[in-house]
Structure formats: structure tokens, C-alpha cells
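The structure appears right after this line, and notes come after that.
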Amino acid sequence: MRSAVRVVFPVLLALSLNPPSVSAQSLTPCVRSMTFSMDSEVFLGGRGVARTAYTATIKHTFERNLADGNSIHWTSESTQARDESGRTFQMRIQGCDFGQDGQPQLRTMVIVSDPAAKTFTQWNTGPGTQALAMVVHQHAPSQPDWKDIPRTPTVPYRPETTREDLGTRTIAGMQATGSRVTEFIPAGREGNDSPMKIVRESWTDKQNHMMLMIVQDDPRNGHSTWEVESFTIGAPDPALFAPPANYKVWDQDAQQAQTTTGTKP
């Protein structure tokens, strides 16, 4: 990979790395019974960065030790992007299954959010999925009068935790600051015979309000890593935000409007 080229913007210190892939791929044999449940958005928010156009490749790794001494390892890549109008593209890996050729293939879910149109468009790819893209409109939901609804008393769960700073390191050509939070679960609280601990690391580029890596080690679920592998500032490929050409687009609001217009009194 060639070295990063830094371009100074008023707020964002942009990087241009090798252009990332725009499709998901499994770098090791994929696991049919496993899904990557840990996910995040690259940009955490903040003034001046909300509409930064970019494309990023995210590497996901998963390791789990089984009771019989066996172990499972899986590594894959997915894509995130945002265009200059604020539309976002996020691909989530949902596992894998066998295709018609008998080989394991990834199953993914894609979510495109359009804040201007106030819509979400979602479609799935891979074995067993339908060639359908659903368009969901965001309507202001009606809210009950919460003060008139009684609440059952409860004691908030406050786990015993420790926090430590991990210093800085370079991730995808950017300087990341790390922290580690360890949660301690005493024996018996969750049916566990012995005490357990859950460790979560977060590595962020604080200057640009970016999440660059998350590491989670949970004895119940295994060891997972979410990491920005490559990052490119600039307008992504517009085709990224459209479902595959053979997919049918279903817009429920549009269908209802057509039905209402076509109905005679």
C-alpha cells in the first residue's frame, strides 16, 4: 500500500489511501452459523464532519474457542461510504450459506440512508435472499404522554468496571488514541460458576471524530475486532447507493399513494 497523502481541510485532516473495495468478501472460509454482531459507523459526529464524503473498507475478525478444544476463526471485509449530499451506505455481514455451485458465499444486508428524502433503502445479497429493495419512509411517530404512564421501579445495573488509557497507534494511516474498559461479572450473576470479565477497546481519531477500531473480548461470545482497513476522502461511486439492477424496488408509501389516487369514490 502506498503511503497516505494528507490534505488539510478546515476541520478534517483528510487521507487518501488505496481505493477500498466496494463489495463484501470473506478473507477466510466463512462460518455458516456465525454473524458479526459488532458494528459501528466510522464518523462519530461533530461539527464540520457530518457530510464528509468518503469510502472506507472495514475488516471484521472473529475468534471463538469451543468447549471441545476446537476453535473458529473468520475474517471478512465490508464497505461504508457517504456521498456529498449526506447519503450513507453501510454493508453488514450476516453470515454465509452455500450457493448453487456448492461453495460458501456471504450473505449481506445493505442499508442506504437518505436524510434529504428521509428514507432508508434496504436490500440483502447472497444465497437464499430475495431480489427486493425495500424503501422505508421516516415519519414522525406519535408519542404517548409519558408522564401519565406509571413505571415499574428498578435498580439501575452498574457493573464494576475499570478503565485504562492505551496511548496512541497508527490505524489506516491515522493517529488513534485507545482506551480499554474491563467489566467484571461476579460468579452467579448470569448463571456463571466463576467470575467473568468482558474487555472492550476503542481506538478513535479524536481530531476528526472517527472510530478506527473496536476490540471486544467476551468469554460468552468470543473475540471480535472491527477495524478501518482503508479510508478515502472524496465522492464514492454513485452506483454504490443503488440496489443491483435485477432487484425490484418496493416503496410502500408510493404504492399506497398510487392505490389511493386510483381509487374512485
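Residues in the C-alpha cells are named by chain (A, B, ... in the order shown) and by number from 1 within that chain; ligands are numbered from 1 in the order shown.
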
Step one, run DSSP on the backbone; step two, keep only residues of segment 118-255 of chain A assigned to strand (DSSP E or B); then write them as a PDB file with N, CA and C atoms, in the first residue's frame.
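As a result, result.pdb now contains:
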```pdb
ATOM      1  N   THR A 119     -35.537   8.742   3.887  1.00  0.00           N
ATOM      2  CA  THR A 119     -35.825   7.343   3.580  1.00  0.00           C
ATOM      3  C   THR A 119     -34.645   6.456   3.953  1.00  0.00           C
ATOM      4  N   PHE A 120     -34.965   5.183   4.215  1.00  0.00           N
ATOM      5  CA  PHE A 120     -33.986   4.116   4.307  1.00  0.00           C
ATOM      6  C   PHE A 120     -34.298   3.127   3.193  1.00  0.00           C
ATOM      7  N   THR A 121     -33.289   2.693   2.468  1.00  0.00           N
ATOM      8  CA  THR A 121     -33.458   1.639   1.472  1.00  0.00           C
ATOM      9  C   THR A 121     -32.603   0.462   1.899  1.00  0.00           C
ATOM     10  N   GLN A 122     -33.223  -0.710   1.945  1.00  0.00           N
ATOM     11  CA  GLN A 122     -32.525  -1.889   2.446  1.00  0.00           C
ATOM     12  C   GLN A 122     -32.684  -3.044   1.478  1.00  0.00           C
ATOM     13  N   TRP A 123     -31.570  -3.771   1.248  1.00  0.00           N
ATOM     14  CA  TRP A 123     -31.648  -4.998   0.465  1.00  0.00           C
ATOM     15  C   TRP A 123     -30.602  -5.979   0.967  1.00  0.00           C
ATOM     16  N   ASN A 124     -30.820  -7.243   0.627  1.00  0.00           N
ATOM     17  CA  ASN A 124     -29.933  -8.319   1.034  1.00  0.00           C
ATOM     18  C   ASN A 124     -29.325  -8.985  -0.195  1.00  0.00           C
ATOM     19  N   THR A 125     -28.141  -9.535  -0.035  1.00  0.00           N
ATOM     20  CA  THR A 125     -27.499 -10.276  -1.113  1.00  0.00           C
ATOM     21  C   THR A 125     -27.004 -11.610  -0.579  1.00  0.00           C
ATOM     22  N   LEU A 132     -35.043  -7.999  -3.838  1.00  0.00           N
ATOM     23  CA  LEU A 132     -36.006  -6.960  -3.467  1.00  0.00           C
ATOM     24  C   LEU A 132     -35.325  -5.895  -2.627  1.00  0.00           C
ATOM     25  N   ALA A 133     -35.547  -4.624  -2.977  1.00  0.00           N
ATOM     26  CA  ALA A 133     -35.062  -3.485  -2.199  1.00  0.00           C
ATOM     27  C   ALA A 133     -36.260  -2.767  -1.612  1.00  0.00           C
ATOM     28  N   MET A 134     -36.303  -2.647  -0.295  1.00  0.00           N
ATOM     29  CA  MET A 134     -37.423  -2.012   0.403  1.00  0.00           C
ATOM     30  C   MET A 134     -37.077  -0.567   0.742  1.00  0.00           C
ATOM     31  N   VAL A 135     -37.957   0.355   0.369  1.00  0.00           N
ATOM     32  CA  VAL A 135     -37.790   1.762   0.700  1.00  0.00           C
ATOM     33  C   VAL A 135     -38.718   2.089   1.864  1.00  0.00           C
ATOM     34  N   VAL A 136     -38.146   2.557   2.965  1.00  0.00           N
ATOM     35  CA  VAL A 136     -38.908   2.882   4.168  1.00  0.00           C
ATOM     36  C   VAL A 136     -38.823   4.382   4.414  1.00  0.00           C
ATOM     37  N   HIS A 137     -39.968   5.034   4.541  1.00  0.00           N
ATOM     38  CA  HIS A 137     -40.012   6.470   4.799  1.00  0.00           C
ATOM     39  C   HIS A 137     -40.053   6.731   6.301  1.00  0.00           C
ATOM     40  N   GLU A 160     -19.221  -3.337  37.777  1.00  0.00           N
ATOM     41  CA  GLU A 160     -17.901  -2.945  38.259  1.00  0.00           C
ATOM     42  C   GLU A 160     -16.970  -2.895  37.063  1.00  0.00           C
ATOM     43  N   THR A 161     -16.385  -1.739  36.809  1.00  0.00           N
ATOM     44  CA  THR A 161     -15.521  -1.575  35.643  1.00  0.00           C
ATOM     45  C   THR A 161     -14.232  -0.850  36.015  1.00  0.00           C
ATOM     46  N   THR A 162     -13.247  -1.062  35.176  1.00  0.00           N
ATOM     47  CA  THR A 162     -12.004  -0.301  35.268  1.00  0.00           C
ATOM     48  C   THR A 162     -11.695   0.254  33.883  1.00  0.00           C
ATOM     49  N   ARG A 163     -11.010   1.361  33.822  1.00  0.00           N
ATOM     50  CA  ARG A 163     -10.657   1.980  32.547  1.00  0.00           C
ATOM     51  C   ARG A 163      -9.180   2.308  32.527  1.00  0.00           C
ATOM     52  N   GLU A 164      -8.539   2.084  31.383  1.00  0.00           N
ATOM     53  CA  GLU A 164      -7.125   2.418  31.245  1.00  0.00           C
ATOM     54  C   GLU A 164      -6.863   3.007  29.873  1.00  0.00           C
ATOM     55  N   ASP A 165      -5.946   3.948  29.825  1.00  0.00           N
ATOM     56  CA  ASP A 165      -5.540   4.550  28.558  1.00  0.00           C
ATOM     57  C   ASP A 165      -4.478   3.671  27.900  1.00  0.00           C
ATOM     58  N   LEU A 166      -4.580   3.535  26.581  1.00  0.00           N
ATOM     59  CA  LEU A 166      -3.670   2.668  25.839  1.00  0.00           C
ATOM     60  C   LEU A 166      -2.685   3.442  24.981  1.00  0.00           C
ATOM     61  N   GLY A 167      -2.689   4.764  25.079  1.00  0.00           N
ATOM     62  CA  GLY A 167      -1.754   5.557  24.298  1.00  0.00           C
ATOM     63  C   GLY A 167      -2.224   5.736  22.865  1.00  0.00           C
ATOM     64  N   THR A 168      -1.293   5.853  21.951  1.00  0.00           N
ATOM     65  CA  THR A 168      -1.627   6.096  20.546  1.00  0.00           C
ATOM     66  C   THR A 168      -0.975   5.054  19.654  1.00  0.00           C
ATOM     67  N   ARG A 169      -1.589   4.851  18.491  1.00  0.00           N
ATOM     68  CA  ARG A 169      -1.041   3.976  17.462  1.00  0.00           C
ATOM     69  C   ARG A 169      -1.580   4.433  16.117  1.00  0.00           C
ATOM     70  N   THR A 170      -0.995   3.959  15.039  1.00  0.00           N
ATOM     71  CA  THR A 170      -1.443   4.325  13.703  1.00  0.00           C
ATOM     72  C   THR A 170      -2.353   3.236  13.147  1.00  0.00           C
ATOM     73  N   ILE A 171      -3.561   3.653  12.708  1.00  0.00           N
ATOM     74  CA  ILE A 171      -4.529   2.740  12.108  1.00  0.00           C
ATOM     75  C   ILE A 171      -4.998   3.362  10.796  1.00  0.00           C
ATOM     76  N   MET A 174      -3.881   6.872  10.131  1.00  0.00           N
ATOM     77  CA  MET A 174      -4.316   7.947  11.026  1.00  0.00           C
ATOM     78  C   MET A 174      -3.896   7.641  12.456  1.00  0.00           C
ATOM     79  N   GLN A 175      -3.705   8.692  13.246  1.00  0.00           N
ATOM     80  CA  GLN A 175      -3.299   8.515  14.633  1.00  0.00           C
ATOM     81  C   GLN A 175      -4.531   8.247  15.487  1.00  0.00           C
ATOM     82  N   ALA A 176      -4.523   7.130  16.180  1.00  0.00           N
ATOM     83  CA  ALA A 176      -5.654   6.733  17.004  1.00  0.00           C
ATOM     84  C   ALA A 176      -5.252   6.709  18.472  1.00  0.00           C
ATOM     85  N   THR A 177      -6.169   7.153  19.325  1.00  0.00           N
ATOM     86  CA  THR A 177      -5.985   7.114  20.767  1.00  0.00           C
ATOM     87  C   THR A 177      -6.864   6.015  21.338  1.00  0.00           C
ATOM     88  N   GLY A 178      -6.279   5.144  22.148  1.00  0.00           N
ATOM     89  CA  GLY A 178      -7.014   3.976  22.618  1.00  0.00           C
ATOM     90  C   GLY A 178      -7.351   4.015  24.097  1.00  0.00           C
ATOM     91  N   SER A 179      -8.439   3.345  24.439  1.00  0.00           N
ATOM     92  CA  SER A 179      -8.810   3.148  25.834  1.00  0.00           C
ATOM     93  C   SER A 179      -9.396   1.754  25.979  1.00  0.00           C
ATOM     94  N   ARG A 180      -9.247   1.182  27.158  1.00  0.00           N
ATOM     95  CA  ARG A 180      -9.762  -0.161  27.439  1.00  0.00           C
ATOM     96  C   ARG A 180     -10.656  -0.112  28.676  1.00  0.00           C
ATOM     97  N   VAL A 181     -11.853  -0.649  28.537  1.00  0.00           N
ATOM     98  CA  VAL A 181     -12.793  -0.752  29.653  1.00  0.00           C
ATOM     99  C   VAL A 181     -13.015  -2.236  29.945  1.00  0.00           C
ATOM    100  N   THR A 182     -12.799  -2.629  31.179  1.00  0.00           N
ATOM    101  CA  THR A 182     -12.985  -4.016  31.595  1.00  0.00           C
ATOM    102  C   THR A 182     -14.148  -4.086  32.577  1.00  0.00           C
ATOM    103  N   GLU A 183     -15.122  -4.924  32.251  1.00  0.00           N
ATOM    104  CA  GLU A 183     -16.284  -5.128  33.119  1.00  0.00           C
ATOM    105  C   GLU A 183     -16.142  -6.464  33.829  1.00  0.00           C
ATOM    106  N   PHE A 184     -16.372  -6.466  35.128  1.00  0.00           N
ATOM    107  CA  PHE A 184     -16.258  -7.680  35.938  1.00  0.00           C
ATOM    108  C   PHE A 184     -17.659  -8.172  36.320  1.00  0.00           C
ATOM    109  N   ILE A 185     -17.911  -9.441  36.033  1.00  0.00           N
ATOM    110  CA  ILE A 185     -19.201 -10.050  36.364  1.00  0.00           C
ATOM    111  C   ILE A 185     -18.964 -11.078  37.458  1.00  0.00           C
ATOM    112  N   MET A 196     -16.363 -13.589  35.665  1.00  0.00           N
ATOM    113  CA  MET A 196     -16.029 -13.357  34.262  1.00  0.00           C
ATOM    114  C   MET A 196     -15.649 -11.897  34.078  1.00  0.00           C
ATOM    115  N   LYS A 197     -14.915 -11.647  33.015  1.00  0.00           N
ATOM    116  CA  LYS A 197     -14.631 -10.260  32.666  1.00  0.00           C
ATOM    117  C   LYS A 197     -14.798 -10.067  31.165  1.00  0.00           C
ATOM    118  N   ILE A 198     -15.330  -8.900  30.801  1.00  0.00           N
ATOM    119  CA  ILE A 198     -15.542  -8.519  29.409  1.00  0.00           C
ATOM    120  C   ILE A 198     -14.645  -7.314  29.136  1.00  0.00           C
ATOM    121  N   VAL A 199     -13.839  -7.418  28.111  1.00  0.00           N
ATOM    122  CA  VAL A 199     -12.873  -6.361  27.793  1.00  0.00           C
ATOM    123  C   VAL A 199     -13.256  -5.722  26.465  1.00  0.00           C
ATOM    124  N   ARG A 200     -13.310  -4.401  26.424  1.00  0.00           N
ATOM    125  CA  ARG A 200     -13.638  -3.668  25.203  1.00  0.00           C
ATOM    126  C   ARG A 200     -12.629  -2.543  25.013  1.00  0.00           C
ATOM    127  N   GLU A 201     -11.988  -2.550  23.846  1.00  0.00           N
ATOM    128  CA  GLU A 201     -11.070  -1.477  23.482  1.00  0.00           C
ATOM    129  C   GLU A 201     -11.696  -0.612  22.396  1.00  0.00           C
ATOM    130  N   SER A 202     -11.454   0.691  22.481  1.00  0.00           N
ATOM    131  CA  SER A 202     -11.899   1.634  21.450  1.00  0.00           C
ATOM    132  C   SER A 202     -10.717   2.497  21.041  1.00  0.00           C
ATOM    133  N   TRP A 203     -10.506   2.601  19.719  1.00  0.00           N
ATOM    134  CA  TRP A 203      -9.431   3.433  19.175  1.00  0.00           C
ATOM    135  C   TRP A 203     -10.051   4.486  18.267  1.00  0.00           C
ATOM    136  N   THR A 204      -9.877   5.756  18.621  1.00  0.00           N
ATOM    137  CA  THR A 204     -10.519   6.840  17.883  1.00  0.00           C
ATOM    138  C   THR A 204      -9.506   7.887  17.451  1.00  0.00           C
ATOM    139  N   ASP A 205      -9.820   8.511  16.304  1.00  0.00           N
ATOM    140  CA  ASP A 205      -9.107   9.703  15.856  1.00  0.00           C
ATOM    141  C   ASP A 205      -9.912  10.884  16.398  1.00  0.00           C
ATOM    142  N   MET A 210     -13.497  10.225  14.522  1.00  0.00           N
ATOM    143  CA  MET A 210     -13.634   8.974  13.793  1.00  0.00           C
ATOM    144  C   MET A 210     -13.350   7.777  14.691  1.00  0.00           C
ATOM    145  N   MET A 211     -14.170   6.736  14.533  1.00  0.00           N
ATOM    146  CA  MET A 211     -13.888   5.454  15.168  1.00  0.00           C
ATOM    147  C   MET A 211     -13.051   4.631  14.202  1.00  0.00           C
ATOM    148  N   LEU A 212     -11.901   4.145  14.660  1.00  0.00           N
ATOM    149  CA  LEU A 212     -10.984   3.411  13.789  1.00  0.00           C
ATOM    150  C   LEU A 212     -10.866   1.937  14.144  1.00  0.00           C
ATOM    151  N   MET A 213     -11.106   1.589  15.397  1.00  0.00           N
ATOM    152  CA  MET A 213     -11.030   0.184  15.768  1.00  0.00           C
ATOM    153  C   MET A 213     -11.811  -0.068  17.052  1.00  0.00           C
ATOM    154  N   ILE A 214     -12.482  -1.217  17.104  1.00  0.00           N
ATOM    155  CA  ILE A 214     -13.133  -1.707  18.319  1.00  0.00           C
ATOM    156  C   ILE A 214     -12.699  -3.156  18.502  1.00  0.00           C
ATOM    157  N   VAL A 215     -12.263  -3.487  19.692  1.00  0.00           N
ATOM    158  CA  VAL A 215     -11.889  -4.857  20.024  1.00  0.00           C
ATOM    159  C   VAL A 215     -12.707  -5.282  21.230  1.00  0.00           C
ATOM    160  N   GLN A 216     -13.369  -6.414  21.133  1.00  0.00           N
ATOM    161  CA  GLN A 216     -14.181  -6.901  22.249  1.00  0.00           C
ATOM    162  C   GLN A 216     -13.847  -8.358  22.520  1.00  0.00           C
ATOM    163  N   ASP A 217     -13.558  -8.636  23.783  1.00  0.00           N
ATOM    164  CA  ASP A 217     -13.249  -9.997  24.217  1.00  0.00           C
ATOM    165  C   ASP A 217     -14.253 -10.374  25.294  1.00  0.00           C
ATOM    166  N   ASP A 218     -15.195 -11.248  24.912  1.00  0.00           N
ATOM    167  CA  ASP A 218     -16.273 -11.656  25.799  1.00  0.00           C
ATOM    168  C   ASP A 218     -16.271 -13.187  25.848  1.00  0.00           C
ATOM    169  N   GLY A 222     -16.864 -14.783  22.332  1.00  0.00           N
ATOM    170  CA  GLY A 222     -15.611 -14.865  21.600  1.00  0.00           C
ATOM    171  C   GLY A 222     -14.911 -13.524  21.489  1.00  0.00           C
ATOM    172  N   HIS A 223     -13.905 -13.496  20.632  1.00  0.00           N
ATOM    173  CA  HIS A 223     -13.062 -12.309  20.440  1.00  0.00           C
ATOM    174  C   HIS A 223     -13.380 -11.710  19.068  1.00  0.00           C
ATOM    175  N   SER A 224     -13.811 -10.444  19.045  1.00  0.00           N
ATOM    176  CA  SER A 224     -14.195  -9.792  17.790  1.00  0.00           C
ATOM    177  C   SER A 224     -13.431  -8.489  17.625  1.00  0.00           C
ATOM    178  N   THR A 225     -13.122  -8.172  16.371  1.00  0.00           N
ATOM    179  CA  THR A 225     -12.443  -6.915  16.046  1.00  0.00           C
ATOM    180  C   THR A 225     -13.137  -6.254  14.867  1.00  0.00           C
ATOM    181  N   TRP A 226     -13.383  -4.965  14.984  1.00  0.00           N
ATOM    182  CA  TRP A 226     -13.914  -4.110  13.910  1.00  0.00           C
ATOM    183  C   TRP A 226     -12.853  -3.060  13.648  1.00  0.00           C
ATOM    184  N   GLU A 227     -12.330  -3.006  12.422  1.00  0.00           N
ATOM    185  CA  GLU A 227     -11.190  -2.125  12.157  1.00  0.00           C
ATOM    186  C   GLU A 227     -11.297  -1.471  10.789  1.00  0.00           C
ATOM    187  N   VAL A 228     -11.056  -0.161  10.739  1.00  0.00           N
ATOM    188  CA  VAL A 228     -10.972   0.552   9.463  1.00  0.00           C
ATOM    189  C   VAL A 228      -9.655   0.155   8.815  1.00  0.00           C
ATOM    190  N   GLU A 229      -9.758  -0.512   7.677  1.00  0.00           N
ATOM    191  CA  GLU A 229      -8.566  -1.007   6.998  1.00  0.00           C
ATOM    192  C   GLU A 229      -8.034  -0.003   5.981  1.00  0.00           C
ATOM    193  N   SER A 230      -8.941   0.688   5.279  1.00  0.00           N
ATOM    194  CA  SER A 230      -8.534   1.739   4.351  1.00  0.00           C
ATOM    195  C   SER A 230      -9.608   2.815   4.324  1.00  0.00           C
ATOM    196  N   PHE A 231      -9.204   4.034   4.007  1.00  0.00           N
ATOM    197  CA  PHE A 231     -10.109   5.185   4.093  1.00  0.00           C
ATOM    198  C   PHE A 231      -9.745   6.175   2.996  1.00  0.00           C
ATOM    199  N   THR A 232     -10.741   6.599   2.222  1.00  0.00           N
ATOM    200  CA  THR A 232     -10.506   7.525   1.118  1.00  0.00           C
ATOM    201  C   THR A 232     -11.496   8.685   1.183  1.00  0.00           C
ATOM    202  N   ILE A 233     -10.991   9.903   1.237  1.00  0.00           N
ATOM    203  CA  ILE A 233     -11.841  11.089   1.189  1.00  0.00           C
ATOM    204  C   ILE A 233     -12.228  11.359  -0.258  1.00  0.00           C
ATOM    205  N   LYS A 248     -36.093  -5.700  -7.629  1.00  0.00           N
ATOM    206  CA  LYS A 248     -37.321  -4.911  -7.655  1.00  0.00           C
ATOM    207  C   LYS A 248     -37.317  -3.961  -6.473  1.00  0.00           C
ATOM    208  N   VAL A 249     -37.665  -2.696  -6.717  1.00  0.00           N
ATOM    209  CA  VAL A 249     -37.723  -1.696  -5.658  1.00  0.00           C
ATOM    210  C   VAL A 249     -39.162  -1.559  -5.186  1.00  0.00           C
ATOM    211  N   TRP A 250     -39.369  -1.752  -3.901  1.00  0.00           N
ATOM    212  CA  TRP A 250     -40.711  -1.665  -3.325  1.00  0.00           C
ATOM    213  C   TRP A 250     -40.767  -0.476  -2.374  1.00  0.00           C
ATOM    214  N   ASP A 251     -41.551   0.537  -2.742  1.00  0.00           N
ATOM    215  CA  ASP A 251     -41.742   1.731  -1.928  1.00  0.00           C
ATOM    216  C   ASP A 251     -43.184   1.705  -1.447  1.00  0.00           C
TER     217      ASP A 251
END
```

Can you list, as an MDAnalysis selection string, every protein, DNA or RNA residue that comes within 10 Å of segment 29-36 of chain A when you count only C-alpha atoms, leaving out same-chain residues fewer than 3 positions away?
chainID A and resid 25:26 39 60:62 72:76 92:98 103:108 224:226

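For the pair atom CA of Gly234 of chain A and atom CA of Ala81 of chain A, the separation is 9.7 Å.
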
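Atom CA of Gln138 of chain A lies 22.1 Å from atom CA of Tyr247 of chain A.
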